[in-house]
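J.: Before I ask anything, here is the structure I am working with.
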Amino acid sequence: MAKRDVDDILKRYGARIEEEINSSSEERVYSSSYETFRSEISREYSTYEKWANSLGNIVHVKPSEKDEKRIQSFINSAHLSIEPWQAVSLSVMSFLLVFLLGLFISVAIALINGSIESFPLLLFFLITFFSLFLFSFLNQYPERVARKWRLKASSQMVPAILYIVVYMRHTPNLEKAIQFASEHLEYPLALDFKKIFYDVEVGKYSTIKESLDNYLDGWRSYSTEFIEGFHLIESSLFEPEKGRRISTLEKGLQVVLDGVYEKMLRFSHSVRSPLTNVYMLGVVLPTLGLALIPLASAMIGGLLTYVHIFILFNLIIPFLVFYLTDKVLSMRPGGHGETTLLEKNPLYPKYKSSAPYRKAFLIVLPLLILSLLPLIFHYTPVPESLGLSKDYTFSQLGLSFLGEGNIFGFIDTPTGTKGPFGVGALLLGMFFPLSIALFFSIAYSGKTRELIVEREKTKELESEFTNSLFQLGNRLGNGVPPELVFGKVAESTKGLRTHEFFSKVNYNVRQMGMSVEKAIFDKNRGIIRLFPSSLISTSMRVLVESSKKGLKIAAVSLMSISEYVKNLDKITIRLKDLLAEIISDMKSNMTFLAPLLSGIVVGLAAMITSILGMLQIGELASEATNLGTLTNLLDIFRYQDMIPPYFLQISVGIYLIEIIFILTSTLVTIDSGEDKLESINKIGNNLKKGIGLYFIVAAISILALSLLSVIVLGNLVG
């Protein structure tokens with residue numbers, strides 16, 4: 001009977017007691033974090049995961065115990081839903097399938113032609129090379145994804161520690177601080193913090209501290225300062241005095257800031273030599289080698305064709321540059337970089353829209369057709385249907401000063417038609433790389449122009465916001481409630497960009513009757529949508545949370561953020577100064593020197609082709625009976641076996657476009673971390689500058705050097 005009475009009492013008062021000690025709210029917080037994490041982690045599989053779970057299951061290739069642990073660590077870091085053996089099996093199966101397919105195609109071609117001499121060695125070599133590359137790429141893919149994840153997550157490292165430190169200044173509760181940080185950080189570090197709670201929810205660890213220590217252990221090889229900072233934050237919980245507790249928290253943040261600075265300082269010194277090697281091996285040497293290609297192709301009797309040039313300059317060399325730059329990026333330490341709220345910007349749908357691509361295609365389509373005119377005139381019935389000839393001489397068009405040759409310059413040989421060798425075809429062909437560059441430049445500019453303007457405004461706002469935070473904290477410390485403080489700060493910031501933010505928040509509170517939290521963070525009318533800034537979002541979240549504890553605590557928290565941000569800005573400015581020289585050199589090389597050299601070399605190739613063509617046209621070998629040496633020389637340099645400058649120039653232009661894509665992405669990542677918006681915007685700008693310069697220099701070089709060859713050899717040919 002007594003037992004039943006006790007049960008009744010527990011049932012009757014259990015809910016009330018639980019409410020008093022806020023245990024149900026704790027459970028709600030953790031369950032919410034768990035549900036959020038579960039919904040985020042149960043995303044659609046990536047293409048790699050789908051292939052690993054299908055093709056990787058055909059053959060079970062078990063890696064060694066050491067490799068299995070290494071791959072598993074990468075899989076855990078990147079939150080991939082695969083097993084280590086599946087990753088290895090996928091790389092092996094991909095290699096075998098591609099290699100065997102290439103072998104089968106090559107043998108089939110030889111059998112169809114009926115001779116072993118017709119075996120396509122080049123095709124077989126390329127497929128074998130591609131299969132080896134595919135094996136290496138897929139074998140290292142988990143590591144690449146994990147590194148990319150680390151790079152993006154580590155750029156949020158300092159804001160994460162800042163969230164936790166500021167929260168624990170007024171509420172010394174590690175669990176609540178981590179939960180607060182996980183709610184307001186960006187992806188992917190927010191997902192990592194949610195997983196800390198998830199592992200406790202599913203019973204993998206019994207306490208948050210155990211789960212946190214296990215998570216931090218994964219950073220041991222990447223960022224010891226992040227671990228040290230967290231351990232100092234944990235130790236602050238055991239400090240008996242408030243002053244010492246706050247001092248320990250601030251020390252934890254300072255350790256992270258100092259660690260980031262020292263690592264980036266070492267990186268800025270060590271990255272110079274690798275980037276120089278990338279430029280020399282991937283840009284300078286290939287560009288200078290272009291000058292030898294026309295003569296080499298003429299001397300070796302057609303063994304070197306434009307197909308080989310395309311493979312060399314548009315596949316192999318860009319792959320080499322990509323490989324070298326990837327090694328450079330693997331040296332970059334974490335902890336510093338831009339963090340953006342791109343997805344939350346009202347202009348984000350325009351960024352994701354495909355309309356800029358359609359618009360860009362319609363703009364460049366005439367240029368693309370213009371570049372293909374030599375091929376259209378020679379290989380299609382279009383000119384006959386329009387009553388035009390397949391080719392014209394310069395004299396027929398009133399351009400006799402350019403010589404007596406044809407504009408397109410196709411040559412009929414016993415082995416088929418060769419060309420186009422004409423200067424006119426070469427000039428028209430220059431519109432091909434220009435149209436590709438303009439396509440991406442116009443599309444990328446259309447996607448990012450307004451977002452970049454908004455980001456610049458936001459950066460200007462952030463630079464002013466630090467001082468405004470101090471004012472905000474000062475007013476709160478004087479007893480002004482949050483509902484009124486925004487109006488007062490707005491009055492004192494007139495003429496500054498921060499005035500717009502504070503006045504709009506004040507309008508929402510005063511005129512719309514919204515709470516401070518809703519005035520800032522409401523999905524429909526929240527002002528933070530118009531100011532997508534991590535600093536502003538962080539500060540306002542801290543204001544909302546800390547004001548629940550009292551105005552004094554809110555004031556101290558905001559002043560602390562102001563001080564921390566000033567220190568962080570000093571470090572960021574210093575790091576950008578250290579990297580500025582390297583980035584400036586590479587940018588000038590990429591957008592000025594490389595296009596300049598390439599344009600001059602294309603002009604030289606046109607001149608060499610023009611000279612040999614004029615010598616052949618003059619038939620000096622048959623007419624000059626006393627020039628036996630010249631006759632032998634003309635036998636060596638066979639004009640019809642040369643690589644047409646038309647195709648050579650197209651390969652060079654595409655090569656420059658690929659180099660600009662690779663190097664720009666690399667420089668943005670070195671400077672700002674993983675930043676898609678900045679990368680796309682700068683690629684568009686650099687393409688416009690680099691390929692524009694190449695087009696102008698190449699056009700001037702082709703016309704000037706071709707005219708020079710006509711003047712010098714005119715009397716001899718005549």
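Starting from 1 in every chain, residues are counted up; chains themselves are A, B, ... following the order of the structure tokens, and ligands are numbered from 1 as listed.
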Would you pick out the contacts of segment 438-455 of chain A at 8 Å or less, using only C-alpha atoms, so that residues sharing its chain but fewer than 5 positions from it are not included, and give the list as a PyMOL selection string?
T.: chain A and resi 347-348+350-353+356-357+359-361+363-364+677-678+680-681+683-685+687-688
J.: For Lys549 of chain A, which residue out of A:Pro349, A:Tyr392, A:Lys148, A:His170 is the nearest one, using only C-alpha atoms?
T.: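 Smallest separation from Lys549 of chain A among the options: A:His170.
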J.: May I ask for the distance between atom CA of Ala554 of chain A and atom CA of Asn474 of chain A, given in Å to one decimal place?
T.: 9.8 Å
J.: Show which residues sit within 10 Å of Leu373 of chain A, as a ChimeraX atom specification. Count only C-alpha atoms, and ignore same-chain residues fewer than 6 positions away.
T.: /A:379,383,408,425,428-429
J.: Can those selected residues be exported to a file as a JSON list (two decimals), in the first residue's frame so that it contains N, CA and C atoms?
T.:
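Resulting contents of selection_11.json:
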[["chain", "number", "residue", "atom", "x", "y", "z"],
["A", 379, "TYR", "N", 34.22, 22.01, -95.48],
["A", 379, "TYR", "CA", 33.69, 20.66, -95.30],
["A", 379, "TYR", "C", 32.17, 20.58, -95.41],
["A", 383, "PRO", "N", 28.72, 27.09, -98.42],
["A", 383, "PRO", "CA", 29.14, 28.16, -99.35],
["A", 383, "PRO", "C", 28.53, 28.02, -100.74],
["A", 408, "PHE", "N", 41.97, 30.82, -96.23],
["A", 408, "PHE", "CA", 41.87, 29.63, -95.39],
["A", 408, "PHE", "C", 43.09, 28.71, -95.59],
["A", 425, "ALA", "N", 42.30, 32.13, -91.73],
["A", 425, "ALA", "CA", 41.73, 31.07, -90.89],
["A", 425, "ALA", "C", 42.24, 31.18, -89.46],
["A", 428, "LEU", "N", 40.46, 34.03, -87.69],
["A", 428, "LEU", "CA", 39.09, 33.64, -87.35],
["A", 428, "LEU", "C", 39.07, 32.62, -86.21],
["A", 429, "GLY", "N", 40.04, 31.71, -86.23],
["A", 429, "GLY", "CA", 40.10, 30.68, -85.18],
["A", 429, "GLY", "C", 40.32, 31.24, -83.80]]
J.: Pick out each residue of segment 75-243 of chain A that DSSP on the backbone tags as helix (DSSP H, G or I); I need them as number ranges by chain.
T.: A: 75-78, 84-113, 116-118, 121-139, 141-154, 157-170, 174-184, 189-201, 208-217, 224-238, 242-243
J.: May I have the selected residues written with C-alpha atoms, as a short mmCIF file (atom, residue, chain, number, x, y, z; two decimals), in the first residue's frame?
T.:
data_model
loop_
_atom_site.label_atom_id
_atom_site.label_comp_id
_atom_site.auth_asym_id
_atom_site.auth_seq_id
_atom_site.Cartn_x
_atom_site.Cartn_y
_atom_site.Cartn_z
CA ILE A 75 35.42 8.47 -44.08
CA ASN A 76 34.51 9.52 -40.55
CA SER A 77 35.82 13.05 -41.08
CA ALA A 78 33.86 13.52 -44.31
CA PRO A 84 36.91 1.27 -46.31
CA TRP A 85 36.95 -1.89 -48.42
CA GLN A 86 34.28 -0.42 -50.70
CA ALA A 87 36.50 2.59 -51.43
CA VAL A 88 39.42 0.31 -52.36
CA SER A 89 37.21 -2.03 -54.38
CA LEU A 90 35.76 0.88 -56.36
CA SER A 91 39.21 2.13 -57.39
CA VAL A 92 40.34 -1.39 -58.42
CA MET A 93 37.15 -2.12 -60.37
CA SER A 94 37.26 1.25 -62.13
CA PHE A 95 40.85 0.63 -63.22
CA LEU A 96 40.08 -2.86 -64.52
CA LEU A 97 36.92 -1.85 -66.39
CA VAL A 98 38.47 1.17 -68.13
CA PHE A 99 41.72 -0.66 -68.96
CA LEU A 100 39.97 -3.74 -70.34
CA LEU A 101 37.53 -1.57 -72.30
CA GLY A 102 40.45 0.35 -73.85
CA LEU A 103 42.27 -2.88 -74.69
CA PHE A 104 39.13 -4.34 -76.29
CA ILE A 105 38.53 -1.22 -78.41
CA SER A 106 42.18 -1.06 -79.52
CA VAL A 107 42.29 -4.75 -80.49
CA ALA A 108 38.95 -4.41 -82.30
CA ILE A 109 40.31 -1.51 -84.39
CA ALA A 110 43.39 -3.55 -85.31
CA LEU A 111 41.26 -6.58 -86.29
CA ILE A 112 38.86 -4.48 -88.37
CA ASN A 113 41.77 -2.95 -90.29
CA ILE A 116 48.85 -5.23 -86.32
CA GLU A 117 50.38 -1.98 -87.64
CA SER A 118 46.97 -0.33 -87.35
CA LEU A 121 48.99 2.92 -79.76
CA LEU A 122 48.10 6.51 -78.86
CA LEU A 123 44.51 5.61 -77.97
CA PHE A 124 45.65 2.62 -75.93
CA PHE A 125 48.24 4.75 -74.13
CA LEU A 126 45.67 7.43 -73.30
CA ILE A 127 43.13 4.91 -72.00
CA THR A 128 45.82 3.18 -69.91
CA PHE A 129 46.93 6.54 -68.53
CA PHE A 130 43.33 7.47 -67.77
CA SER A 131 42.68 4.14 -66.01
CA LEU A 132 45.76 4.65 -63.82
CA PHE A 133 44.68 8.20 -63.07
CA LEU A 134 41.16 6.98 -62.23
CA PHE A 135 42.58 4.38 -59.86
CA SER A 136 44.77 6.95 -58.10
CA PHE A 137 42.00 9.56 -57.96
CA LEU A 138 39.33 7.20 -56.55
CA ASN A 139 41.81 5.61 -54.15
CA TYR A 141 39.06 10.43 -52.98
CA PRO A 142 38.05 9.86 -49.32
CA GLU A 143 41.20 11.74 -48.31
CA ARG A 144 40.39 14.58 -50.71
CA VAL A 145 36.83 14.90 -49.42
CA ALA A 146 38.06 14.78 -45.81
CA ARG A 147 40.68 17.44 -46.53
CA LYS A 148 38.10 19.66 -48.20
CA TRP A 149 35.80 19.13 -45.23
CA ARG A 150 38.63 19.98 -42.81
CA LEU A 151 39.56 23.09 -44.75
CA LYS A 152 36.01 24.44 -44.69
CA ALA A 153 35.39 23.35 -41.10
CA SER A 154 38.68 24.80 -39.88
CA MET A 157 37.26 27.17 -35.94
CA VAL A 158 37.76 30.62 -34.44
CA PRO A 159 34.03 31.56 -34.61
CA ALA A 160 33.22 28.22 -32.94
CA ILE A 161 35.55 28.88 -30.01
CA LEU A 162 34.26 32.46 -29.87
CA TYR A 163 30.64 31.25 -29.58
CA ILE A 164 31.53 28.85 -26.79
CA VAL A 165 33.72 31.30 -24.85
CA VAL A 166 31.20 34.15 -25.02
CA TYR A 167 28.36 31.84 -23.98
CA MET A 168 30.32 30.33 -21.08
CA ARG A 169 31.25 33.74 -19.75
CA HIS A 170 27.70 34.12 -18.45
CA LEU A 174 29.78 23.21 -21.64
CA GLU A 175 26.86 21.21 -23.05
CA LYS A 176 24.69 24.29 -23.58
CA ALA A 177 27.64 26.22 -25.04
CA ILE A 178 28.37 23.50 -27.63
CA GLN A 179 24.67 23.20 -28.42
CA PHE A 180 24.50 27.01 -28.86
CA ALA A 181 27.52 26.92 -31.20
CA SER A 182 26.11 24.01 -33.21
CA GLU A 183 22.89 25.93 -33.86
CA HIS A 184 24.57 29.08 -35.12
CA LEU A 189 31.43 22.36 -38.42
CA ALA A 190 27.84 22.69 -37.17
CA LEU A 191 27.24 19.11 -38.29
CA ASP A 192 30.35 17.96 -36.42
CA PHE A 193 29.11 19.60 -33.22
CA LYS A 194 25.67 18.06 -33.65
CA LYS A 195 27.30 14.66 -33.99
CA ILE A 196 28.78 15.11 -30.53
CA PHE A 197 25.23 15.12 -29.18
CA TYR A 198 24.15 12.40 -31.58
CA ASP A 199 26.82 9.98 -30.30
CA VAL A 200 25.50 10.50 -26.76
CA GLU A 201 21.89 10.07 -27.87
CA ILE A 208 29.16 14.92 -23.66
CA LYS A 209 32.77 15.20 -22.48
CA GLU A 210 33.61 11.68 -23.69
CA SER A 211 32.02 12.37 -27.06
CA LEU A 212 33.79 15.73 -27.30
CA ASP A 213 37.19 14.21 -26.46
CA ASN A 214 36.70 11.56 -29.14
CA TYR A 215 35.80 14.24 -31.69
CA LEU A 216 38.80 16.39 -30.76
CA ASP A 217 41.10 13.40 -31.16
CA THR A 224 46.52 20.94 -31.92
CA GLU A 225 45.62 24.52 -30.99
CA PHE A 226 41.94 23.69 -31.48
CA ILE A 227 42.29 20.81 -29.00
CA GLU A 228 44.28 22.92 -26.53
CA GLY A 229 41.70 25.69 -26.71
CA PHE A 230 38.86 23.26 -25.94
CA HIS A 231 40.79 21.72 -23.05
CA LEU A 232 41.32 25.17 -21.54
CA ILE A 233 37.59 25.83 -21.91
CA GLU A 234 36.86 22.53 -20.15
CA SER A 235 39.31 23.36 -17.35
CA SER A 236 37.56 26.70 -16.76
CA LEU A 237 34.63 24.75 -15.31
CA PHE A 238 36.82 23.71 -12.37
CA LYS A 242 34.71 33.86 -11.62
CA GLY A 243 37.69 36.03 -12.56
#
J.: With only C-alpha atoms as the counted atoms, please give the residues lying no more than 8 Å from segment 311-321 of chain A, apart from itself and same-chain residues fewer than 4 positions off, as a VMD selection string.
T.: chain A and resid 278 281 to 282 286 307 325 651 to 652 654 to 655 658 to 659 662
J.: Separation of atom CA of His378 of chain A and atom CA of Pro420 of chain A, in Å?
T.: 9.3 Å
J.: So which residues of segment 314-487 of chain A fall under strand (DSSP E) by DSSP, listed as number ranges by chain?
T.: A: 411-413, 416-418
J.: If you count only C-alpha atoms, which residues fall within 7 Å of Gly690 of chain A, apart from same-chain ones fewer than 5 positions away, as a PDB file with C-alpha atoms, in the first residue's frame?
T.:
ATOM      1  CA  THR A 591      46.597  37.135 -66.463  1.00  0.00           C
ATOM      2  CA  PHE A 592      49.512  39.018 -68.060  1.00  0.00           C
ATOM      3  CA  PRO A 595      48.794  35.324 -72.275  1.00  0.00           C
TER       4      PRO A 595
END
J.: Would you compute the distance between atom CA of Val480 of chain A and atom CA of Glu563 of chain A? Give it in Å to one decimal.
T.: 21.3 Å
